[in-house]
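Undergrad: Hey, dropping upload-v2.cif in here, mmCIF, C-alpha atoms and all ligand atoms:
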```cif
data_structure
loop_
_atom_site.label_atom_id
_atom_site.label_comp_id
_atom_site.auth_asym_id
_atom_site.auth_seq_id
_atom_site.Cartn_x
_atom_site.Cartn_y
_atom_site.Cartn_z
CA MET A 28 17.27 15.20 -11.54
CA ILE A 29 16.04 16.10 -8.06
CA THR A 30 18.34 17.13 -5.24
CA ALA A 31 17.00 17.89 -1.80
CA SER A 32 19.47 19.34 0.71
CA HIS A 33 18.71 19.77 4.36
CA ILE A 34 15.01 20.29 3.89
CA SER A 35 13.08 20.84 7.06
CA LYS A 36 9.56 21.90 7.77
CA THR A 37 8.56 23.43 11.06
CA ILE A 38 5.02 24.40 11.85
CA THR A 39 3.60 26.35 14.74
CA LEU A 40 0.55 24.79 16.33
CA PRO A 41 -2.37 26.97 17.51
CA ASN A 42 -1.08 26.55 21.08
CA GLY A 43 2.22 28.15 20.05
CA ARG A 44 4.23 24.93 20.12
CA ARG A 45 6.55 24.40 17.19
CA ILE A 46 6.97 20.97 15.67
CA ASN A 47 9.31 19.61 13.04
CA ILE A 48 7.40 17.65 10.44
CA LEU A 49 10.46 17.27 8.23
CA ASN A 50 13.84 17.21 9.81
CA ASP A 51 16.95 17.60 7.61
CA VAL A 52 15.95 15.49 4.64
CA ASN A 53 18.64 14.90 2.01
CA PHE A 54 18.64 12.91 -1.21
CA HIS A 55 19.56 12.95 -4.85
CA ILE A 56 17.43 11.16 -7.42
CA GLU A 57 18.61 10.43 -10.95
CA ARG A 58 16.43 10.40 -14.04
CA GLY A 59 14.57 7.09 -14.42
CA GLU A 60 14.82 6.12 -10.77
CA VAL A 61 11.74 4.70 -9.09
CA VAL A 62 11.76 5.37 -5.37
CA SER A 63 9.23 3.80 -3.02
CA ILE A 64 8.67 5.65 0.24
CA ILE A 65 7.48 3.71 3.24
CA GLY A 66 7.13 4.46 6.92
CA PRO A 67 4.58 4.76 9.69
CA SER A 68 1.62 7.05 9.42
CA GLY A 69 2.62 10.58 10.47
CA SER A 70 6.30 10.12 9.58
CA GLY A 71 6.18 12.93 6.99
CA LYS A 72 5.80 11.03 3.69
CA SER A 73 2.98 13.21 2.33
CA THR A 74 4.67 16.36 3.59
CA LEU A 75 7.85 15.38 1.74
CA LEU A 76 5.98 14.97 -1.55
CA ARG A 77 4.05 18.20 -0.97
CA SER A 78 7.35 19.99 -0.33
CA LEU A 79 8.83 18.71 -3.57
CA ASN A 80 6.00 20.00 -5.70
CA LEU A 81 5.66 23.22 -3.67
CA LEU A 82 2.09 22.51 -2.54
CA ASP A 83 3.54 22.99 0.90
CA PRO A 84 7.12 24.37 0.64
CA PRO A 85 9.69 23.49 3.30
CA THR A 86 10.72 26.11 5.84
CA SER A 87 14.43 25.61 5.20
CA GLY A 88 16.82 23.79 2.92
CA SER A 89 17.03 23.70 -0.85
CA ILE A 90 15.46 21.66 -3.63
CA SER A 91 16.69 21.64 -7.19
CA VAL A 92 14.89 20.03 -10.09
CA GLU A 93 16.90 19.58 -13.28
CA GLY A 94 19.45 22.02 -11.96
CA GLU A 95 16.99 24.76 -11.10
CA ASP A 96 16.46 25.99 -7.57
CA ILE A 97 12.69 25.67 -7.20
CA LEU A 98 12.66 27.49 -3.85
CA ALA A 99 14.28 30.60 -5.33
CA SER A 100 12.02 33.62 -5.21
CA GLY A 101 10.52 34.21 -8.62
CA TYR A 102 10.85 30.59 -9.71
CA PRO A 103 7.84 29.98 -11.99
CA ARG A 104 5.78 27.31 -10.28
CA GLN A 105 3.99 26.52 -13.49
CA ARG A 106 7.25 25.20 -14.93
CA LEU A 107 7.55 22.81 -12.01
CA HIS A 108 3.95 21.67 -12.36
CA GLN A 109 4.55 20.79 -15.99
CA ARG A 110 7.56 18.73 -15.10
CA MET A 111 6.25 17.13 -11.95
CA GLY A 112 2.82 15.52 -11.77
CA MET A 113 1.14 14.23 -8.66
CA VAL A 114 -1.41 11.46 -8.10
CA PHE A 115 -3.28 11.38 -4.80
CA GLN A 116 -5.15 8.78 -2.83
CA GLN A 117 -8.37 10.63 -3.70
CA PHE A 118 -8.72 10.83 -7.46
CA ASN A 119 -10.04 14.44 -7.52
CA LEU A 120 -11.61 14.18 -10.99
CA PHE A 121 -13.98 16.92 -12.09
CA PRO A 122 -17.39 15.29 -11.67
CA HIS A 123 -19.13 17.40 -14.34
CA LEU A 124 -16.58 16.57 -17.05
CA THR A 125 -16.26 13.35 -19.04
CA VAL A 126 -13.21 11.14 -18.65
CA LEU A 127 -11.78 12.58 -21.87
CA GLU A 128 -12.46 16.19 -20.84
CA ASN A 129 -10.82 15.58 -17.47
CA VAL A 130 -7.66 14.47 -19.26
CA MET A 131 -7.78 17.27 -21.87
CA LEU A 132 -8.34 20.14 -19.49
CA ALA A 133 -4.85 20.85 -18.12
CA PRO A 134 -3.04 20.56 -21.48
CA MET A 135 -5.49 23.10 -22.93
CA LYS A 136 -5.56 25.49 -19.99
CA VAL A 137 -1.98 25.29 -18.79
CA LEU A 138 -0.03 24.35 -21.90
CA ASN A 139 -2.35 26.20 -24.32
CA ILE A 140 -2.54 23.17 -26.60
CA PRO A 141 -5.37 23.52 -29.17
CA ARG A 142 -8.52 21.46 -28.46
CA GLU A 143 -8.07 18.94 -31.26
CA GLU A 144 -4.45 18.24 -30.35
CA ALA A 145 -5.36 17.99 -26.66
CA GLU A 146 -8.06 15.49 -27.54
CA ASN A 147 -5.62 13.31 -29.48
CA LEU A 148 -3.14 13.50 -26.64
CA ALA A 149 -5.85 12.60 -24.09
CA ILE A 150 -6.98 9.61 -26.15
CA GLU A 151 -3.39 8.42 -26.36
CA MET A 152 -3.00 8.69 -22.57
CA LEU A 153 -6.31 6.94 -21.95
CA ARG A 154 -5.16 4.14 -24.22
CA LYS A 155 -2.03 3.82 -22.13
CA VAL A 156 -4.11 3.20 -18.99
CA SER A 157 -6.51 0.95 -20.98
CA LEU A 158 -9.48 3.30 -20.69
CA SER A 159 -9.98 4.57 -24.24
CA GLU A 160 -13.42 2.91 -24.37
CA ARG A 161 -14.53 4.92 -21.35
CA ALA A 162 -13.67 8.32 -22.82
CA THR A 163 -17.23 9.63 -23.02
CA GLN A 164 -18.33 8.40 -19.58
CA MET A 165 -18.73 10.56 -16.51
CA PRO A 166 -16.34 9.80 -13.61
CA ASN A 167 -19.12 8.63 -11.28
CA THR A 168 -19.95 5.79 -13.68
CA LEU A 169 -16.43 4.37 -13.28
CA SER A 170 -15.07 2.04 -10.64
CA GLY A 171 -12.49 3.40 -8.18
CA GLY A 172 -9.70 1.65 -10.08
CA GLN A 173 -10.84 3.20 -13.36
CA GLN A 174 -11.10 6.65 -11.76
CA GLN A 175 -7.58 6.37 -10.44
CA ARG A 176 -6.32 5.27 -13.85
CA THR A 177 -8.07 8.34 -15.32
CA ALA A 178 -6.27 10.49 -12.75
CA ILE A 179 -2.97 8.94 -13.88
CA ALA A 180 -3.86 9.61 -17.55
CA ARG A 181 -4.65 13.21 -16.63
CA CYS A 182 -1.25 13.52 -15.01
CA LEU A 183 0.48 11.91 -18.03
CA ALA A 184 -1.25 14.31 -20.43
CA MET A 185 0.95 17.09 -19.02
CA GLN A 186 3.92 14.99 -20.20
CA PRO A 187 5.74 15.26 -16.90
CA ASP A 188 9.32 14.15 -16.30
CA ILE A 189 8.56 13.14 -12.73
CA ILE A 190 5.44 11.74 -11.07
CA LEU A 191 4.80 11.73 -7.34
CA PHE A 192 2.27 9.20 -6.07
CA ASP A 193 0.78 9.55 -2.59
CA GLU A 194 -0.78 6.21 -1.64
CA PRO A 195 -2.42 5.78 -5.03
CA THR A 196 -4.21 2.56 -4.06
CA SER A 197 -5.19 3.25 -0.45
CA ALA A 198 -8.75 4.38 -1.24
CA LEU A 199 -9.43 1.42 -3.52
CA ASP A 200 -11.33 -1.77 -3.01
CA PRO A 201 -8.72 -4.57 -2.75
CA THR A 202 -9.87 -6.10 -6.04
CA MET A 203 -8.87 -2.89 -7.89
CA VAL A 204 -5.41 -2.37 -6.45
CA GLY A 205 -3.79 -4.60 -9.09
CA GLU A 206 -5.00 -2.63 -12.13
CA VAL A 207 -3.61 0.65 -10.75
CA GLN A 208 -0.33 -0.97 -9.72
CA GLY A 209 -0.15 -2.41 -13.24
CA VAL A 210 -0.23 1.09 -14.73
CA VAL A 211 2.51 2.27 -12.36
CA ARG A 212 4.60 -0.77 -13.35
CA LEU A 213 4.17 0.13 -17.00
CA LEU A 214 5.45 3.64 -16.29
CA ALA A 215 8.41 2.19 -14.41
CA GLN A 216 9.27 0.06 -17.46
CA GLU A 217 9.15 3.22 -19.55
CA LYS A 218 11.70 4.73 -17.17
CA MET A 219 9.46 7.44 -15.76
CA THR A 220 11.08 9.01 -12.71
CA MET A 221 8.71 8.34 -9.82
CA LEU A 222 8.44 8.71 -6.07
CA ILE A 223 5.75 6.45 -4.72
CA VAL A 224 4.44 6.57 -1.16
CA THR A 225 2.70 3.28 -0.44
CA HIS A 226 1.53 1.12 2.44
CA ASN A 227 1.69 -1.95 0.28
CA MET A 228 5.04 -3.50 1.17
CA ARG A 229 5.05 -6.04 -1.65
CA PHE A 230 4.48 -3.23 -4.17
CA ALA A 231 7.09 -0.98 -2.51
CA HIS A 232 9.57 -3.85 -2.78
CA ASP A 233 8.79 -4.91 -6.35
CA ILE A 234 8.25 -1.59 -8.12
CA ALA A 235 11.24 0.41 -6.93
CA SER A 236 14.96 0.57 -7.61
CA ARG A 237 15.36 2.37 -4.31
CA THR A 238 13.39 2.68 -1.08
CA PHE A 239 13.26 5.41 1.56
CA TYR A 240 12.18 4.43 5.04
CA MET A 241 10.83 7.53 6.75
CA HIS A 242 10.69 7.90 10.49
CA GLU A 243 9.76 11.01 12.48
CA GLY A 244 10.36 13.45 9.64
CA THR A 245 13.66 12.04 8.43
CA ILE A 246 14.77 9.50 5.88
CA LEU A 247 16.16 7.03 8.35
CA GLU A 248 17.23 4.56 5.69
CA ASP A 249 17.81 4.99 1.94
CA ASP A 250 18.81 1.82 0.12
CA THR A 251 17.79 -0.77 -2.46
CA PRO A 252 14.46 -2.45 -1.72
CA GLY A 253 16.36 -5.72 -1.26
CA LYS A 254 18.42 -4.20 1.55
CA ILE A 255 15.58 -2.28 3.17
CA PHE A 256 13.27 -5.27 3.30
CA ASN A 257 15.73 -8.09 3.89
CA GLN A 258 18.70 -6.54 5.68
CA PRO A 259 17.51 -3.28 7.23
CA GLN A 260 20.20 -1.42 9.18
CA HIS A 261 17.94 0.22 11.78
CA ALA A 262 15.75 -1.47 14.36
CA GLU A 263 12.86 0.85 13.43
CA THR A 264 13.04 -0.15 9.76
CA LYS A 265 13.23 -3.79 10.70
CA ALA A 266 10.19 -3.64 12.95
CA PHE A 267 8.25 -1.82 10.25
CA VAL A 268 9.01 -4.04 7.28
CA GLN A 269 8.77 -7.30 9.17
CA ARG A 270 5.49 -6.50 10.87
CA ILE A 271 2.89 -9.19 10.64
CA HIS A 272 -0.76 -8.67 9.84
CA LYS A 273 -3.03 -10.53 12.21
CA LEU A 274 -6.66 -11.49 12.00
CA VAL A 275 -7.90 -12.63 15.40
CA PHE A 276 -11.04 -14.42 16.59
CA ASP A 277 -11.93 -15.42 20.13
CA VAL A 278 -14.63 -18.05 20.26
CA GLU A 279 -16.21 -18.25 23.71
CA ASN A 280 -19.18 -20.46 23.01
CA GLN A 281 -21.07 -22.17 20.18
CA ASN A 282 -23.09 -19.04 19.33
CA PHE A 283 -20.48 -17.39 17.15
CA ASP A 284 -21.05 -16.28 13.58
CA PHE A 285 -19.17 -18.89 11.56
CA TYR A 286 -20.09 -17.39 8.18
CA ASP A 287 -18.93 -13.94 9.22
CA MET A 288 -15.61 -15.44 10.33
CA MET A 289 -15.16 -17.15 6.97
CA SER A 290 -15.98 -13.99 5.08
CA GLN A 291 -13.50 -12.01 7.19
CA ILE A 292 -10.82 -14.59 6.38
CA ARG A 293 -11.58 -14.32 2.65
CA GLN A 294 -11.42 -10.51 2.80
CA TYR A 295 -8.10 -10.71 4.64
CA CYS A 296 -6.66 -13.02 1.98
CA ILE A 297 -7.77 -10.66 -0.81
CA ARG A 298 -6.44 -7.63 1.03
CA PHE A 299 -3.00 -9.10 1.47
CA ALA A 300 -2.98 -10.68 -1.98
CA ILE A 301 -2.82 -14.28 -0.78
CA PRO A 302 -5.87 -15.70 -2.59
CA GLU A 303 -3.94 -18.89 -3.52
CA GLN A 304 -3.90 -19.72 0.16
CA MET A 305 -7.48 -18.75 0.86
CA ASN A 306 -8.90 -22.24 0.41
CA THR A 307 -6.22 -23.84 2.54
CA ILE A 308 -6.73 -21.33 5.34
CA THR A 309 -10.52 -21.56 5.35
CA HIS A 310 -10.40 -25.38 5.19
CA ILE A 311 -8.03 -25.66 8.12
CA VAL A 312 -10.08 -23.21 10.18
CA GLU A 313 -13.33 -25.00 9.27
CA GLU A 314 -12.02 -28.46 10.12
CA MET A 315 -10.46 -27.23 13.34
CA ILE A 316 -13.67 -25.53 14.43
CA LEU A 317 -15.53 -28.79 13.81
CA LEU A 318 -13.01 -30.66 15.96
CA LEU A 319 -12.98 -28.02 18.72
CA SER A 320 -16.76 -27.72 18.82
CA ALA A 321 -16.91 -31.15 20.41
CA TYR A 322 -15.46 -29.58 23.60
CA ASP A 323 -16.77 -26.82 25.83
CA ASN A 324 -13.50 -24.92 26.20
CA PRO A 325 -13.20 -21.63 24.34
CA PHE A 326 -10.58 -21.19 21.63
CA HIS A 327 -8.61 -18.46 19.95
CA ILE A 328 -7.86 -18.38 16.22
CA GLU A 329 -5.31 -16.18 14.51
CA VAL A 330 -4.38 -15.87 10.86
CA ASN A 331 -0.93 -14.29 10.47
CA HIS A 332 0.65 -13.03 7.31
CA GLY A 333 4.06 -11.40 6.82
CA GLU A 334 3.75 -9.31 3.66
CA ILE A 335 7.42 -9.44 2.88
CA SER A 336 8.34 -12.90 4.15
CA GLY A 337 5.20 -14.13 2.36
CA GLN A 338 4.69 -16.52 5.27
CA THR A 339 1.18 -17.34 6.34
CA SER A 340 0.17 -19.31 9.40
CA VAL A 341 -2.94 -20.20 11.34
CA VAL A 342 -2.57 -20.32 15.12
CA ILE A 343 -5.17 -22.05 17.26
CA LEU A 344 -5.14 -21.90 21.04
CA HIS A 345 -7.47 -24.35 22.77
CA ARG A 346 -7.89 -22.76 26.18
CA GLY A 347 -7.51 -24.82 29.31
CA GLU A 348 -6.48 -27.97 27.43
CA THR A 349 -3.30 -30.00 27.68
CA ILE A 350 -3.84 -32.41 24.81
CA SER A 351 -3.83 -31.30 21.19
CA PRO A 352 -7.24 -31.64 19.56
CA LEU A 353 -5.47 -33.57 16.81
CA ASP A 354 -4.20 -36.18 19.29
CA LYS A 355 -7.35 -36.88 21.29
CA SER A 356 -8.38 -40.54 21.37
CA ASP A 357 -11.89 -39.91 20.01
CA VAL A 358 -10.75 -37.62 17.18
CA ASP A 359 -12.12 -37.85 13.64
CA GLU A 360 -9.11 -39.44 11.90
CA LEU A 361 -10.17 -38.32 8.46
CA ALA A 362 -10.39 -34.67 9.57
CA VAL A 363 -6.89 -34.92 11.07
CA MET A 364 -5.56 -36.42 7.85
CA ILE A 365 -7.07 -33.57 5.83
CA ILE A 366 -5.65 -30.95 8.16
CA ARG A 367 -2.18 -32.50 8.16
CA GLY A 368 -2.27 -32.80 4.37
CA MET A 369 -3.00 -29.09 3.95
CA SER A 370 -0.31 -27.71 6.25
CA LYS A 371 3.40 -27.49 5.46
CA GLU A 372 4.14 -27.92 9.10
CA ILE A 373 2.19 -28.16 12.36
CA THR A 374 3.84 -27.32 15.67
CA THR A 375 2.25 -27.93 19.05
CA GLU A 376 3.15 -25.98 22.14
CA GLN A 377 1.87 -26.12 25.72
CA THR A 378 1.25 -22.56 26.94
CA PRO A 379 -0.07 -21.34 30.31
CA ASP A 380 -3.40 -20.64 28.57
CA GLY A 381 -3.79 -24.03 26.91
CA ILE A 382 -2.51 -26.03 24.01
CA GLN A 383 -1.44 -24.02 20.96
CA LEU A 384 -1.14 -25.31 17.42
CA THR A 385 0.60 -23.40 14.65
CA PHE A 386 -0.17 -24.43 11.07
CA THR A 387 2.34 -23.15 8.54
CA ILE A 388 0.68 -22.80 5.15
P1 LIG B 401 2.43 10.67 6.53
O1 LIG B 401 2.05 11.03 5.11
O2 LIG B 401 3.74 9.95 6.64
O3 LIG B 401 1.35 9.91 7.22
P2 LIG B 401 2.27 13.51 6.99
O4 LIG B 401 3.32 14.08 6.12
O5 LIG B 401 0.87 13.62 6.51
O6 LIG B 401 2.64 12.02 7.36
O7 LIG B 401 2.32 14.23 8.41
C1 LIG B 401 3.44 14.24 9.24
C2 LIG B 401 3.08 14.84 10.56
O8 LIG B 401 2.85 16.20 10.43
C3 LIG B 401 1.82 14.27 11.17
O9 LIG B 401 2.03 14.14 12.54
C4 LIG B 401 0.78 15.31 10.85
O10 LIG B 401 -0.24 15.28 11.81
C5 LIG B 401 1.57 16.58 10.91
N1 LIG B 401 1.08 17.63 10.01
C6 LIG B 401 1.16 17.62 8.67
N2 LIG B 401 0.66 18.77 8.16
C7 LIG B 401 0.26 19.50 9.21
C8 LIG B 401 -0.34 20.79 9.38
N3 LIG B 401 -0.61 21.57 8.32
N4 LIG B 401 -0.62 21.20 10.63
C9 LIG B 401 -0.34 20.42 11.68
N5 LIG B 401 0.23 19.23 11.60
C10 LIG B 401 0.53 18.76 10.40
MG MG B 402 0.35 10.57 4.04
#
```
Once more with this new file: its structure as structure tokens, please.
Ligand code: ADP
Ligand code: MG
TA:
Amino acid sequence: MITASHISKTITLPNGRRINILNDVNFHIERGEVVSIIGPSGSGKSTLLRSLNLLDPPTSGSISVEGEDILASGYPRQRLHQRMGMVFQQFNLFPHLTVLENVMLAPMKVLNIPREEAENLAIEMLRKVSLSERATQMPNTLSGGQQQRTAIARCLAMQPDIILFDEPTSALDPTMVGEVQGVVRLLAQEKMTMLIVTHNMRFAHDIASRTFYMHEGTILEDDTPGKIFNQPQHAETKAFVQRIHKLVFDVENQNFDFYDMMSQIRQYCIRFAIPEQMNTITHIVEEMILLLSAYDNPFHIEVNHGEISGQTSVVILHRGETISPLDKSDVDELAVMIIRGMSKEITTEQTPDGIQLTFTI
């Protein structure tokens, strides 16, 4: 359905230097494939999508969509824009139009569909993203998740064969990511051909039949999500997919903001979709802070979460100490029992900085 051969994009900076934003990108995507695109910021993911839909054509190479060379001079761009929709991080809805009018506009203007038919089509698309009750509202009265679902309905109203998503959930509050991902999942079940750039590794893994790992303007690895995330071939891919998200606190004295720490931990759990573990994590941290507060030495707390491994741990370093706070003779036995009961495993390690405990959750 889409074939990209040797596409490159070179730009000349104001200082005359030329840089390669895309560097010999090649792929072939069949109808119904769902491809997730991951990679560090600046690796060319957005530029690749913008090349495919000619928002920002490549400087060399060829792209064919359903057998047609879209880079050929005289190729009607409008035909491409009917076939290929795009959903951005920013929803870009027209603020002065209702939800329904936003969805109706392109079919009327671009496809010349009569108003009544466009309205029926728009209602159908809004139903698909579960927003038919919001049809008469203005965009600014909707939540971010609802606005993004409207943007998806607007894209669907053009009845595209392919949809490109550029970080569709990055601008959303963490609580609204799920509803937008749900709509994309529904489209995947309906066999819509999609290319989805996302920073959410769990989503990239679960939604796609294929994953591209982009690095410095090239597709360094193109494989099934299972391979990319569990058996990556390149060191760069491995480092990227196995990276661990850390939340770090250094407590120097008793005047730290305990409530702020707890709220940061809760936010972190919501952000990385580990709410089931939120209570365990906050309990362990709370109990440990109570134990550690009996001593003057500062301590360091880390919450670590591997998005793909799904492994979460709490690391506590009690600076300048040689005995674990759980093993001290005057320790609160009940607190220790609670802490041990909540952890899958606790390891203790003597480091040059002090005694370090790792709680696997
Ligand atoms: P990603 O979406 O993976 O974060 P982009 O495709 O946005 O990456 O950008 C790739 C690289 O190209 C970045 O280093 C970016 O700064 C640069 N870049 C993209 N477009 C332009 C442009 N029009 N002018 C200068 N640099 C650009
Ligand atoms: Mg981008």
Undergrad: Could you pull out the residues sitting within 7 Å of ligand MG 402 (chain B), using all atoms listed in the file, and write them as a short mmCIF file (atom, residue, chain, number, x, y, z; two decimals) with C-alpha atoms, keeping the file's coordinate frame?
TA:
```cif
data_model
loop_
_atom_site.label_atom_id
_atom_site.label_comp_id
_atom_site.auth_asym_id
_atom_site.auth_seq_id
_atom_site.Cartn_x
_atom_site.Cartn_y
_atom_site.Cartn_z
CA SER A 68 1.62 7.05 9.42
CA GLY A 69 2.62 10.58 10.47
CA GLY A 71 6.18 12.93 6.99
CA LYS A 72 5.80 11.03 3.69
CA SER A 73 2.98 13.21 2.33
CA ASP A 193 0.78 9.55 -2.59
#
```
Undergrad: Go ahead and compute the interatomic distance for atom CA of A:Ser100 and atom CA of A:Ile29, in Å to one decimal.
TA: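 Atom-to-atom, atom CA of A:Ser100 and atom CA of A:Ile29 are spaced 18.2 Å apart.
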Undergrad: Point out the residue among A:Cys182, A:Gly101, A:Ile64, A:Lys36 with the least atom-to-atom distance to A:Asp83, counting all atoms listed in the file.
TA: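 Smallest distance to A:Asp83 is found for A:Lys36.
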Undergrad: Hey, what's within 12 Å of A:Asp249 if we count all atoms listed in the file and toss same-chain stuff fewer than 4 positions away? As a ChimeraX atom specification, please?
TA: /A:52-56,62-66,235-242,245,253-256,259-261,264
Undergrad: With 8 Å added on each side, what axis-aligned box encloses every listed atom of stretch 318-334 of chain A? Give the centre and edge lengths in Å to one decimal, as AutoDock Vina command-line options.
TA:
```
--center_x -6.4 --center_y -20.2 --center_z 14.9 --size_x 37.0 --size_y 37.8 --size_z 38.5
```
Undergrad: Dump N, CA, C and O atoms of stretch 258-275 of chain A from the given block, as a compact mmCIF listing (two decimals), in the first residue's frame.
TA:
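The file below, selection-v2.txt, is the result:
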```txt
# COMPACT_ATOMS: atom_id res chain seq x y z
N GLN A 258 13.91 -8.60 21.92
CA GLN A 258 15.19 -9.07 21.41
C GLN A 258 15.74 -8.11 20.36
O GLN A 258 15.96 -8.50 19.21
N PRO A 259 15.92 -6.84 20.74
CA PRO A 259 16.42 -5.88 19.74
C PRO A 259 17.80 -6.27 19.24
O PRO A 259 18.60 -6.84 19.99
N GLN A 260 18.04 -6.00 17.94
CA GLN A 260 19.31 -6.40 17.33
C GLN A 260 20.42 -5.37 17.53
O GLN A 260 21.58 -5.70 17.51
N HIS A 261 20.03 -4.11 17.71
CA HIS A 261 21.03 -3.04 17.81
C HIS A 261 21.12 -2.53 19.24
O HIS A 261 20.12 -2.45 19.94
N ALA A 262 22.33 -2.14 19.62
CA ALA A 262 22.55 -1.63 20.98
C ALA A 262 21.70 -0.38 21.23
O ALA A 262 21.16 -0.20 22.32
N GLU A 263 21.56 0.46 20.18
CA GLU A 263 20.80 1.71 20.34
C GLU A 263 19.33 1.40 20.65
O GLU A 263 18.71 2.04 21.50
N THR A 264 18.78 0.42 19.91
CA THR A 264 17.38 0.04 20.13
C THR A 264 17.22 -0.48 21.54
O THR A 264 16.29 -0.12 22.27
N LYS A 265 18.16 -1.32 21.94
CA LYS A 265 18.09 -1.94 23.26
C LYS A 265 18.09 -0.89 24.36
O LYS A 265 17.27 -0.92 25.27
N ALA A 266 19.01 0.05 24.24
CA ALA A 266 19.11 1.09 25.26
C ALA A 266 17.83 1.91 25.32
O ALA A 266 17.37 2.29 26.39
N PHE A 267 17.24 2.13 24.13
CA PHE A 267 16.02 2.95 24.10
C PHE A 267 14.83 2.22 24.71
O PHE A 267 14.12 2.77 25.54
N VAL A 268 14.60 0.99 24.29
CA VAL A 268 13.38 0.31 24.77
C VAL A 268 13.50 -0.16 26.22
O VAL A 268 12.50 -0.33 26.89
N GLN A 269 14.72 -0.38 26.67
CA GLN A 269 14.85 -0.88 28.04
C GLN A 269 15.10 0.23 29.04
O GLN A 269 15.35 -0.01 30.20
N ARG A 270 15.01 1.48 28.58
CA ARG A 270 15.32 2.57 29.51
C ARG A 270 14.30 2.57 30.65
O ARG A 270 13.16 2.15 30.51
N ILE A 271 14.79 3.06 31.76
CA ILE A 271 14.00 3.00 32.99
C ILE A 271 13.66 4.42 33.40
O ILE A 271 14.48 5.32 33.32
N HIS A 272 12.41 4.61 33.78
CA HIS A 272 11.99 5.94 34.25
C HIS A 272 12.24 6.03 35.75
O HIS A 272 11.84 5.15 36.49
N LYS A 273 12.91 7.09 36.13
CA LYS A 273 13.28 7.25 37.54
C LYS A 273 12.61 8.47 38.15
O LYS A 273 12.52 9.50 37.50
N LEU A 274 12.19 8.33 39.38
CA LEU A 274 11.72 9.48 40.15
C LEU A 274 12.63 9.52 41.38
O LEU A 274 12.78 8.52 42.07
N VAL A 275 13.31 10.63 41.58
CA VAL A 275 14.38 10.66 42.59
C VAL A 275 14.11 11.75 43.63
O VAL A 275 13.73 12.87 43.29
```
